[in-house]
>>> print(open('coords11.pdb').read())   # PDB, C-alpha atoms
ATOM      1  CA  MET A   9      -6.836 -11.271   7.954
ATOM      2  CA  LYS A  10      -3.212 -11.718   6.945
ATOM      3  CA  LEU A  11      -0.628  -9.045   7.715
ATOM      4  CA  LEU A  12       1.599  -7.629   4.970
ATOM      5  CA  VAL A  13       4.572  -5.401   5.764
ATOM      6  CA  ASN A  14       6.254  -2.788   3.607
ATOM      7  CA  THR A  15       9.848  -2.461   4.812
ATOM      8  CA  ASN A  16      13.183  -1.416   3.325
ATOM      9  CA  ASP A  17      14.836  -4.558   4.663
ATOM     10  CA  LYS A  18      16.137  -7.259   2.315
ATOM     11  CA  ASN A  19      16.524  -9.750   5.158
ATOM     12  CA  LEU A  20      12.994 -10.747   6.090
ATOM     13  CA  ASP A  21      13.818 -13.504   8.587
ATOM     14  CA  ASP A  22      13.010 -11.526  11.751
ATOM     15  CA  TYR A  23       9.643 -10.382  10.408
ATOM     16  CA  ILE A  24       8.652 -13.909   9.417
ATOM     17  CA  GLN A  25       9.696 -15.259  12.814
ATOM     18  CA  HIS A  26       7.407 -12.685  14.448
ATOM     19  CA  GLY A  27       4.452 -13.936  12.409
ATOM     20  CA  ILE A  28       4.251 -11.647   9.377
ATOM     21  CA  ASP A  29       2.383 -13.413   6.559
ATOM     22  CA  GLY A  30       3.852 -11.546   3.599
ATOM     23  CA  PHE A  31       5.524  -8.447   2.201
ATOM     24  CA  LEU A  32       4.909  -5.608  -0.229
ATOM     25  CA  LEU A  33       7.897  -5.050  -2.494
ATOM     26  CA  PRO A  34       7.904  -1.719  -4.378
ATOM     27  CA  LEU A  35       9.667  -2.180  -7.736
ATOM     28  CA  PHE A  36      12.374   0.395  -8.433
ATOM     29  CA  HIS A  37      11.350   3.042 -11.019
ATOM     30  CA  TYR A  38       7.757   1.754 -11.117
ATOM     31  CA  SER A  39       6.448   2.469  -7.607
ATOM     32  CA  CYS A  40       5.590   5.446  -5.397
ATOM     33  CA  ASP A  41       3.966   6.217  -1.993
ATOM     34  CA  TYR A  42       6.015   3.497  -0.262
ATOM     35  CA  ASN A  43       9.387   3.702   1.466
ATOM     36  CA  GLY A  44      12.296   2.140  -0.340
ATOM     37  CA  SER A  45      12.294  -0.027  -3.444
ATOM     38  CA  TYR A  46      13.688  -3.279  -4.759
ATOM     39  CA  SER A  47      15.265  -4.107  -8.099
ATOM     40  CA  LEU A  48      13.809  -6.953 -10.133
ATOM     41  CA  ASP A  49      16.849  -9.060  -9.219
ATOM     42  CA  ASP A  50      16.244  -8.293  -5.515
ATOM     43  CA  ILE A  51      12.637  -9.434  -5.801
ATOM     44  CA  LEU A  52      13.482 -12.646  -7.652
ATOM     45  CA  SER A  53      16.175 -13.421  -5.073
ATOM     46  CA  LEU A  54      13.658 -12.951  -2.266
ATOM     47  CA  ARG A  55      11.262 -15.315  -4.045
ATOM     48  CA  LYS A  56      13.928 -18.008  -4.087
ATOM     49  CA  LYS A  57      14.942 -17.367  -0.484
ATOM     50  CA  TYR A  58      11.370 -17.264   0.862
ATOM     51  CA  PRO A  59       9.333 -19.640  -1.327
ATOM     52  CA  ASP A  60       6.614 -20.115   1.303
ATOM     53  CA  THR A  61       6.104 -16.421   2.136
ATOM     54  CA  GLN A  62       3.621 -14.275   0.240
ATOM     55  CA  LEU A  63       5.421 -11.614  -1.790
ATOM     56  CA  PHE A  64       3.432  -8.925  -3.619
ATOM     57  CA  VAL A  65       5.134  -6.534  -6.056
ATOM     58  CA  ILE A  66       4.040  -2.895  -6.232
ATOM     59  CA  LEU A  67       3.910  -1.265  -9.685
ATOM     60  CA  ASN A  68       1.803   1.801  -8.931
ATOM     61  CA  GLU A  69       3.491   4.386 -11.138
ATOM     62  CA  MET A  70       2.092   5.460 -14.490
ATOM     63  CA  ILE A  71       3.526   3.456 -17.413
ATOM     64  CA  PHE A  72       4.764   5.509 -20.363
ATOM     65  CA  ASN A  73       5.128   4.247 -23.937
ATOM     66  CA  GLN A  74       8.893   3.928 -23.610
ATOM     67  CA  ASP A  75       8.371   1.670 -20.561
ATOM     68  CA  LEU A  76       6.115  -0.903 -22.204
ATOM     69  CA  THR A  77       8.730  -3.300 -23.525
ATOM     70  CA  GLU A  78      10.617  -3.399 -20.230
ATOM     71  CA  VAL A  79       7.433  -3.734 -18.176
ATOM     72  CA  GLU A  80       6.239  -6.594 -20.368
ATOM     73  CA  GLU A  81       9.444  -8.522 -19.709
ATOM     74  CA  ILE A  82       9.233  -7.758 -15.985
ATOM     75  CA  LEU A  83       5.698  -9.142 -15.859
ATOM     76  CA  LYS A  84       6.777 -12.324 -17.608
ATOM     77  CA  ARG A  85       9.585 -12.864 -15.081
ATOM     78  CA  LEU A  86       7.308 -12.205 -12.111
ATOM     79  CA  ASP A  87       4.771 -14.642 -13.510
ATOM     80  CA  GLN A  88       7.424 -17.276 -14.217
ATOM     81  CA  GLU A  89       8.813 -17.054 -10.675
ATOM     82  CA  LYS A  90       5.332 -17.309  -9.131
ATOM     83  CA  LEU A  91       5.141 -14.014  -7.254
ATOM     84  CA  ASP A  92       1.880 -13.826  -5.327
ATOM     85  CA  GLY A  93       0.481 -10.754  -7.012
ATOM     86  CA  ILE A  94       1.036  -7.314  -8.521
ATOM     87  CA  LEU A  95      -0.465  -4.166  -7.013
ATOM     88  CA  PHE A  96      -0.990  -2.103 -10.163
ATOM     89  CA  TYR A  97      -2.034   1.450 -10.970
ATOM     90  CA  ASP A  98      -1.847   1.711 -14.750
ATOM     91  CA  TRP A  99      -4.257  -0.425 -16.794
ATOM     92  CA  ALA A 100      -1.408  -1.066 -19.235
ATOM     93  CA  ILE A 101      -0.344  -3.720 -16.693
ATOM     94  CA  TYR A 102      -3.731  -5.402 -17.058
ATOM     95  CA  ARG A 103      -3.515  -5.330 -20.856
ATOM     96  CA  LEU A 104       0.008  -6.776 -20.903
ATOM     97  CA  VAL A 105      -1.006  -9.593 -18.566
ATOM     98  CA  GLN A 106      -3.940 -10.382 -20.858
ATOM     99  CA  LYS A 107      -1.818 -10.176 -23.996
ATOM    100  CA  ASN A 108       0.716 -12.700 -22.676
ATOM    101  CA  ASN A 109      -1.833 -14.996 -20.955
ATOM    102  CA  LEU A 110      -0.042 -14.566 -17.635
ATOM    103  CA  GLU A 111      -1.491 -16.098 -14.490
ATOM    104  CA  ILE A 112      -0.040 -13.778 -11.849
ATOM    105  CA  PRO A 113      -2.878 -12.242  -9.748
ATOM    106  CA  LEU A 114      -3.571  -8.533 -10.210
ATOM    107  CA  ILE A 115      -4.537  -6.249  -7.325
ATOM    108  CA  PHE A 116      -6.059  -2.885  -8.264
ATOM    109  CA  HIS A 117      -4.126  -0.067  -6.586
ATOM    110  CA  GLU A 118      -5.360   3.302  -7.812
ATOM    111  CA  THR A 119      -5.054   4.943  -4.428
ATOM    112  CA  HIS A 120      -8.333   6.875  -4.166
ATOM    113  CA  MET A 121     -10.535   4.885  -6.545
ATOM    114  CA  LEU A 122     -11.769   1.695  -4.847
ATOM    115  CA  THR A 123     -14.636   3.320  -2.952
ATOM    116  CA  ASN A 124     -17.841   1.326  -3.509
ATOM    117  CA  LEU A 125     -19.409  -2.054  -4.204
ATOM    118  CA  GLU A 126     -20.045  -1.297  -7.875
ATOM    119  CA  CYS A 127     -16.340  -0.678  -8.406
ATOM    120  CA  ALA A 128     -15.471  -3.959  -6.663
ATOM    121  CA  LEU A 129     -17.966  -5.880  -8.801
ATOM    122  CA  PHE A 130     -16.577  -4.278 -11.977
ATOM    123  CA  LEU A 131     -13.031  -5.312 -11.065
ATOM    124  CA  LYS A 132     -14.137  -8.842 -10.258
ATOM    125  CA  ASP A 133     -15.906  -9.048 -13.618
ATOM    126  CA  LYS A 134     -12.656  -8.062 -15.352
ATOM    127  CA  GLY A 135     -10.777 -10.912 -13.667
ATOM    128  CA  ILE A 136      -8.988  -8.746 -11.110
ATOM    129  CA  THR A 137      -8.158 -10.731  -7.973
ATOM    130  CA  GLY A 138      -8.163  -7.962  -5.369
ATOM    131  CA  GLY A 139      -7.994  -4.285  -4.637
ATOM    132  CA  VAL A 140      -6.494  -1.817  -2.167
ATOM    133  CA  LEU A 141      -9.270   0.141  -0.489
ATOM    134  CA  ALA A 142      -9.291   3.925  -0.663
ATOM    135  CA  ASN A 143      -8.298   5.488   2.650
ATOM    136  CA  GLU A 144     -11.020   8.144   2.469
ATOM    137  CA  ILE A 145     -14.043   5.874   2.935
ATOM    138  CA  THR A 146     -15.927   4.853   6.060
ATOM    139  CA  LEU A 147     -16.224   1.518   7.828
ATOM    140  CA  GLU A 148     -19.866   1.360   6.718
ATOM    141  CA  GLU A 149     -18.811   1.603   3.069
ATOM    142  CA  ILE A 150     -16.189  -1.092   3.550
ATOM    143  CA  GLN A 151     -18.851  -3.341   5.028
ATOM    144  CA  GLU A 152     -20.917  -2.899   1.852
ATOM    145  CA  MET A 153     -17.894  -3.644  -0.322
ATOM    146  CA  SER A 154     -17.104  -6.857   1.520
ATOM    147  CA  HIS A 155     -19.933  -8.449  -0.496
ATOM    148  CA  GLY A 156     -18.101  -7.877  -3.779
ATOM    149  CA  LYS A 157     -16.184 -11.185  -3.658
ATOM    150  CA  LEU A 158     -12.925  -9.307  -4.201
ATOM    151  CA  GLU A 159      -9.854  -9.804  -2.013
ATOM    152  CA  LEU A 160      -9.650  -6.490  -0.168
ATOM    153  CA  PHE A 161      -6.431  -4.913   1.103
ATOM    154  CA  GLN A 162      -6.713  -2.321   3.903
ATOM    155  CA  LEU A 163      -4.010   0.005   5.203
ATOM    156  CA  LEU A 164      -3.867  -0.677   8.954
ATOM    157  CA  LEU A 165      -0.809   1.315   9.909
ATOM    158  CA  GLY A 166       1.213   3.984   8.173
ATOM    159  CA  TYR A 167       1.132   7.390   6.509
ATOM    160  CA  PRO A 168      -1.721   7.334   3.948
ATOM    161  CA  PRO A 169      -1.165   8.791   0.473
ATOM    162  CA  ALA A 170      -2.963  12.094  -0.082
ATOM    163  CA  GLY A 171      -2.147  12.748  -3.724
ATOM    164  CA  VAL A 172       0.402  12.516  -6.499
ATOM    165  CA  SER A 173       1.696  14.821  -9.224
ATOM    166  CA  ARG A 174       3.471  13.775 -12.411
ATOM    167  CA  ARG A 175       5.666  16.845 -12.086
ATOM    168  CA  LYS A 176       9.000  16.932 -10.259
ATOM    169  CA  LEU A 177       7.804  19.418  -7.683
ATOM    170  CA  LEU A 178      10.727  19.177  -5.272
ATOM    171  CA  THR A 179      13.298  19.464  -8.052
ATOM    172  CA  ASN A 180      11.573  22.593  -9.353
ATOM    173  CA  PHE A 181      11.108  23.998  -5.830
ATOM    174  CA  TYR A 182      14.763  23.738  -4.845
ATOM    175  CA  ARG A 183      15.980  24.775  -8.267
ATOM    176  CA  ASN A 184      13.946  27.994  -8.097
ATOM    177  CA  LEU A 185      15.363  28.682  -4.631
ATOM    178  CA  LYS A 186      18.849  27.884  -5.919
ATOM    179  CA  LYS A 187      19.278  25.360  -3.110
ATOM    180  CA  GLU A 188      20.585  21.821  -3.054
ATOM    181  CA  GLU A 189      17.873  19.443  -4.243
ATOM    182  CA  GLN A 190      16.229  17.096  -1.732
ATOM    183  CA  LYS A 191      13.946  14.158  -2.490
ATOM    184  CA  GLU A 192      11.875  14.493   0.701
ATOM    185  CA  LEU A 193      10.282  17.460   2.471
ATOM    186  CA  LYS A 194       7.841  17.943   5.343
ATOM    187  CA  ILE A 195       5.310  20.751   4.896
ATOM    188  CA  GLU A 196       2.282  22.062   6.801
ATOM    189  CA  GLU A 197      -1.093  23.062   5.403
ATOM    190  CA  ASP A 198      -1.690  26.743   6.240
ATOM    191  CA  THR A 199      -5.223  26.572   7.671
ATOM    192  CA  THR A 200      -5.452  23.198   9.403
ATOM    193  CA  LYS A 201      -1.744  22.919  10.241
ATOM    194  CA  ILE A 202      -1.918  19.280   9.147
ATOM    195  CA  PRO A 203       1.587  18.026   8.231
ATOM    196  CA  PHE A 204       2.353  16.309   4.932
ATOM    197  CA  TYR A 205       5.393  14.470   3.675
ATOM    198  CA  VAL A 206       6.421  15.195   0.100
ATOM    199  CA  LYS A 207       8.500  12.550  -1.693
ATOM    200  CA  GLU A 208       9.828  12.661  -5.238
ATOM    201  CA  THR A 209      10.730   9.712  -7.470
ATOM    202  CA  SER A 210      12.098   9.739 -11.004
ATOM    203  CA  LYS A 211       8.524   9.886 -12.325
ATOM    204  CA  SER A 212       6.335  11.712  -9.817
ATOM    205  CA  THR A 213       5.916  13.557  -6.537
ATOM    206  CA  SER A 214       3.799  11.988  -3.773
ATOM    207  CA  PHE A 215       2.067  13.656  -0.833
ATOM    208  CA  LEU A 216       1.535  11.564   2.310
ATOM    209  CA  TYR A 217      -0.535  12.583   5.327
ATOM    210  CA  GLY A 218       1.924  13.360   8.093
ATOM    211  CA  LYS A 219      -0.315  11.875  10.779
ATOM    212  CA  ARG A 220       0.089   8.128  11.076
ATOM    213  CA  LEU A 221      -3.059   6.043  10.551
ATOM    214  CA  ASN A 222      -3.661   3.396  13.219
ATOM    215  CA  LEU A 223      -6.730   1.192  12.697
ATOM    216  CA  ILE A 224      -5.957  -1.348  15.389
ATOM    217  CA  SER A 225      -9.253  -0.570  17.129
ATOM    218  CA  TYR A 226     -10.992  -1.932  14.018
ATOM    219  CA  TYR A 227      -8.755  -4.960  13.551
ATOM    220  CA  ASP A 228     -11.344  -7.480  14.789
ATOM    221  CA  THR A 229     -14.173  -5.832  12.849
ATOM    222  CA  LEU A 230     -12.199  -5.860   9.593
ATOM    223  CA  ASN A 231     -11.237  -9.457  10.196
ATOM    224  CA  GLU A 232     -14.877 -10.428  10.727
ATOM    225  CA  LEU A 233     -15.833  -8.624   7.498
ATOM    226  CA  GLY A 234     -13.464 -10.902   5.632
ATOM    227  CA  ILE A 235     -10.837  -8.321   4.669
ATOM    228  CA  SER A 236      -8.086 -10.470   3.188
ATOM    229  CA  TYR A 237      -4.977  -8.424   3.978
ATOM    230  CA  GLY A 238      -3.986  -5.683   6.381
ATOM    231  CA  ILE A 239      -1.066  -3.480   5.302
ATOM    232  CA  ILE A 240       1.542  -2.267   7.775
ATOM    233  CA  LYS A 241       3.915   0.379   6.423
ATOM    234  CA  GLN A 242       7.128   0.701   8.357
ATOM    235  CA  ASP A 243       7.682   4.282   7.223
ATOM    236  CA  ASP A 244       9.857   5.951   9.883
ATOM    237  CA  LEU A 245       9.407   3.267  12.563
ATOM    238  CA  GLU A 246      12.525   1.548  13.833
ATOM    239  CA  LYS A 247      12.671  -2.163  13.068
ATOM    240  CA  ASN A 248      12.371  -3.150  16.729
ATOM    241  CA  THR A 249       9.298  -0.958  17.112
ATOM    242  CA  LEU A 250       7.685  -2.525  14.071
ATOM    243  CA  LEU A 251       8.384  -6.024  15.395
ATOM    244  CA  GLU A 252       6.871  -5.007  18.738
ATOM    245  CA  VAL A 253       3.777  -3.814  16.877
ATOM    246  CA  VAL A 254       3.507  -7.136  15.044
ATOM    247  CA  ASP A 255       3.852  -9.052  18.315
ATOM    248  CA  ILE A 256       0.986  -7.074  19.824
ATOM    249  CA  TYR A 257      -1.191  -7.593  16.718
ATOM    250  CA  LYS A 258      -0.498 -11.316  16.714
ATOM    251  CA  ASN A 259      -0.307 -12.243  20.384
ATOM    252  CA  GLU A 260      -2.432  -9.890  22.474
ATOM    253  CA  LYS A 261      -5.906 -11.460  22.531
ATOM    254  CA  ASP A 262      -7.533  -8.885  24.818
ATOM    255  CA  LYS A 263      -8.945  -6.282  22.422
ATOM    256  CA  LYS A 264      -8.894  -3.369  24.898
ATOM    257  CA  VAL A 265      -5.338  -4.099  26.013
ATOM    258  CA  ARG A 266      -4.238  -4.373  22.395
ATOM    259  CA  GLN A 267      -5.846  -1.044  21.548
ATOM    260  CA  GLU A 268      -4.228   0.707  24.487
ATOM    261  CA  LYS A 269      -0.763  -0.697  23.845
ATOM    262  CA  LEU A 270      -0.780   0.230  20.167
ATOM    263  CA  GLY A 271      -2.490   3.549  20.788
ATOM    264  CA  ASP A 272       0.225   4.542  23.256
ATOM    265  CA  LEU A 273       2.885   3.415  20.797
ATOM    266  CA  LEU A 274       1.494   4.763  17.531
ATOM    267  CA  GLY A 275      -1.221   7.321  18.244
ATOM    268  CA  ARG A 276      -4.980   6.912  17.773
ATOM    269  CA  ASN A 277      -5.732   8.444  14.390
ATOM    270  CA  THR A 278      -8.474   6.368  12.714
ATOM    271  CA  GLY A 279      -8.824   8.541   9.626
ATOM    272  CA  PHE A 280     -12.235   8.623   7.959
ATOM    273  CA  PHE A 281     -13.648   5.420   9.431
ATOM    274  CA  GLN A 282     -16.413   7.162  11.380
ATOM    275  CA  ARG A 283     -16.646  10.370   9.327
ATOM    276  CA  LYS A 284     -18.675  11.386   6.316
ATOM    277  CA  THR A 285     -16.485  11.798   3.249
ATOM    278  CA  ILE A 286     -16.566  13.419  -0.152
ATOM    279  CA  PHE A 287     -17.136   9.991  -1.671
ATOM    280  CA  ARG A 288     -20.508   9.457   0.055
ATOM    281  CA  VAL A 289     -23.223  10.526  -2.407
ATOM    282  CA  LYS A 290     -26.711  11.194  -1.038
ATOM    283  CA  LYS A 291     -29.406   8.899  -2.442
TER
END
>>> encode(input="coords11.pdb", output="structure tokens")
Amino acid sequence: MKLLVNTNDKNLDDYIQHGIDGFLLPLFHYSCDYNGSYSLDDILSLRKKYPDTQLFVILNEMIFNQDLTEVEEILKRLDQEKLDGILFYDWAIYRLVQKNNLEIPLIFHETHMLTNLECALFLKDKGITGGVLANEITLEEIQEMSHGKLELFQLLLGYPPAGVSRRKLLTNFYRNLKKEEQKELKIEEDTTKIPFYVKETSKSTSFLYGKRLNLISYYDTLNELGISYGIIKQDDLEKNTLLEVVDIYKNEKDKKVRQEKLGDLLGRNTGFFQRKTIFRVKK
């Protein structure tokens, strides 16, 4: 399983030296749920600077009619410069790639939708290369999906997305309070006291679980299942901490020691991996 990092950094040398296989690059104005963003020029510059490193571009915002012409040109440039793939949300991306006979791989990234083998088989039938697994499914369900011959991407570390709204919720919230607008806010659910991070872009408002996911205890299992890529989101981690995490992932061969080191560093929240979820339908 290769490791992909989402970071705000435009100098990727240190990460590569520590063994990172590739990077997720959120495209400005067309991405959400990830920290930071890159302009198209930034991304193309990184492609030239790091020709042997896997670079995936995130376009997981909804595409509106007025965006189509610009997005079409962006896709052509990304294809021409041989980016390694596009993590897409809106099926307009798929249609534009088909229309222009582009060869850039597409990775399905509707956050809560890749939940079962039938979905994986459908995507494969449509020519989709891979997909980002929903965070609300169990390890057992992932094991079933590993037979779908789709390249699967699994969030290993980071704050998982909980939902998104097309409304500018923070703008409206602060405006109603007659306070200075902020683009980020931490809130707490009343009953469970679970924290959430709220982040607003020019197109939407995202909700992220405020408890960091750490699936290091399942790293070997996921690798044996043939999961293609593990995603590490830097989020609020300092760069040195993230590099330390990568070193432990890459270099510590003793599974128990690795689990303890990363558990002490990052917490031990494994999400839904061993829990029944709303997506599990009784037969």
>>> residues_around(input="coords11.pdb", residues="Lys207 of chain A", least_positions_apart="4", cutoff="8 Å", atoms="all atoms listed in the file", output="list in words")
Asp41, Leu178, Lys191, Glu192, Leu193, Thr213, Ser214 and Phe215 of chain A
>>> closest_residue(input="coords11.pdb", among="A:Leu52, A:Leu251, A:Ile202, A:Ile115", to="Leu216 of chain A", atoms="only C-alpha atoms")
A:Ile202
>>> resolve_selection(input="coords11.pdb", expression="the PyMOL selection byres ((chain A and resi 68) around 10)", output="ChimeraX atom specification")
/A:34-35,37-42,65-67,69-71,94-98,101,116-119
>>> atom_distance(input="coords11.pdb", atom1="atom CA of Lys247 of chain A", atom2="atom CA of Asp22 of chain A")
9.5 Å
>>> resolve_selection(input="coords11.pdb", expression="the PyMOL selection byres ((chain A and resi 229) around 12)", output="list of chain:residue names")
A:Met9, A:Leu147, A:Glu148, A:Ile150, A:Gln151, A:Ser154, A:Leu223, A:Ile224, A:Ser225, A:Tyr226, A:Tyr227, A:Asp228, A:Leu230, A:Asn231, A:Glu232, A:Leu233, A:Gly234, A:Ile235, A:Lys263, A:Phe281
>>> resolve_selection(input="coords11.pdb", expression="the PyMOL selection byres ((chain A and resi 132) around 12)", output="list in words")
Pro113, Leu114, Ile115, Phe116, Leu125, Glu126, Cys127, Ala128, Leu129, Phe130, Leu131, Asp133, Lys134, Gly135, Ile136, Thr137, Gly138, Gly139, Met153, His155, Gly156, Lys157, Leu158, Glu159 and Leu160 of chain A
>>> residues_around(input="coords11.pdb", residues="Thr77 of chain A", least_positions_apart="5", cutoff="12 Å", atoms="only C-alpha atoms", output="PyMOL selection string")
chain A and resi 71-72+82-84+100-101+104
>>> write_last_selection(input="coords11.pdb", atoms="C-alpha atoms", output="compact mmCIF listing (two decimals), keeping the file's coordinate frame")
# COMPACT_ATOMS: atom_id res chain seq x y z
CA ILE A 71 3.53 3.46 -17.41
CA PHE A 72 4.76 5.51 -20.36
CA ILE A 82 9.23 -7.76 -15.98
CA LEU A 83 5.70 -9.14 -15.86
CA LYS A 84 6.78 -12.32 -17.61
CA ALA A 100 -1.41 -1.07 -19.24
CA ILE A 101 -0.34 -3.72 -16.69
CA LEU A 104 0.01 -6.78 -20.90
>>> residues_around(input="coords11.pdb", residues="segment 11-20 of chain A", least_positions_apart="6", cutoff="7 Å", atoms="all atoms listed in the file", output="PyMOL selection string")
chain A and resi 28-33+43-45+237-242
>>> atom_distance(input="coords11.pdb", atom1="atom CA of Asn108 of chain A", atom2="atom CA of Asp60 of chain A")
25.8 Å
>>> atom_distance(input="coords11.pdb", atom1="atom CA of Asn259 of chain A", atom2="atom CA of Gly93 of chain A")
27.4 Å
>>> axis_aligned_box(input="coords11.pdb", around="segment 82-86 of chain A", padding_each_side="3 Å", output="JSON")
{"center_x": 7.6, "center_y": -10.3, "center_z": -14.9, "size_x": 9.9, "size_y": 11.1, "size_z": 11.5}
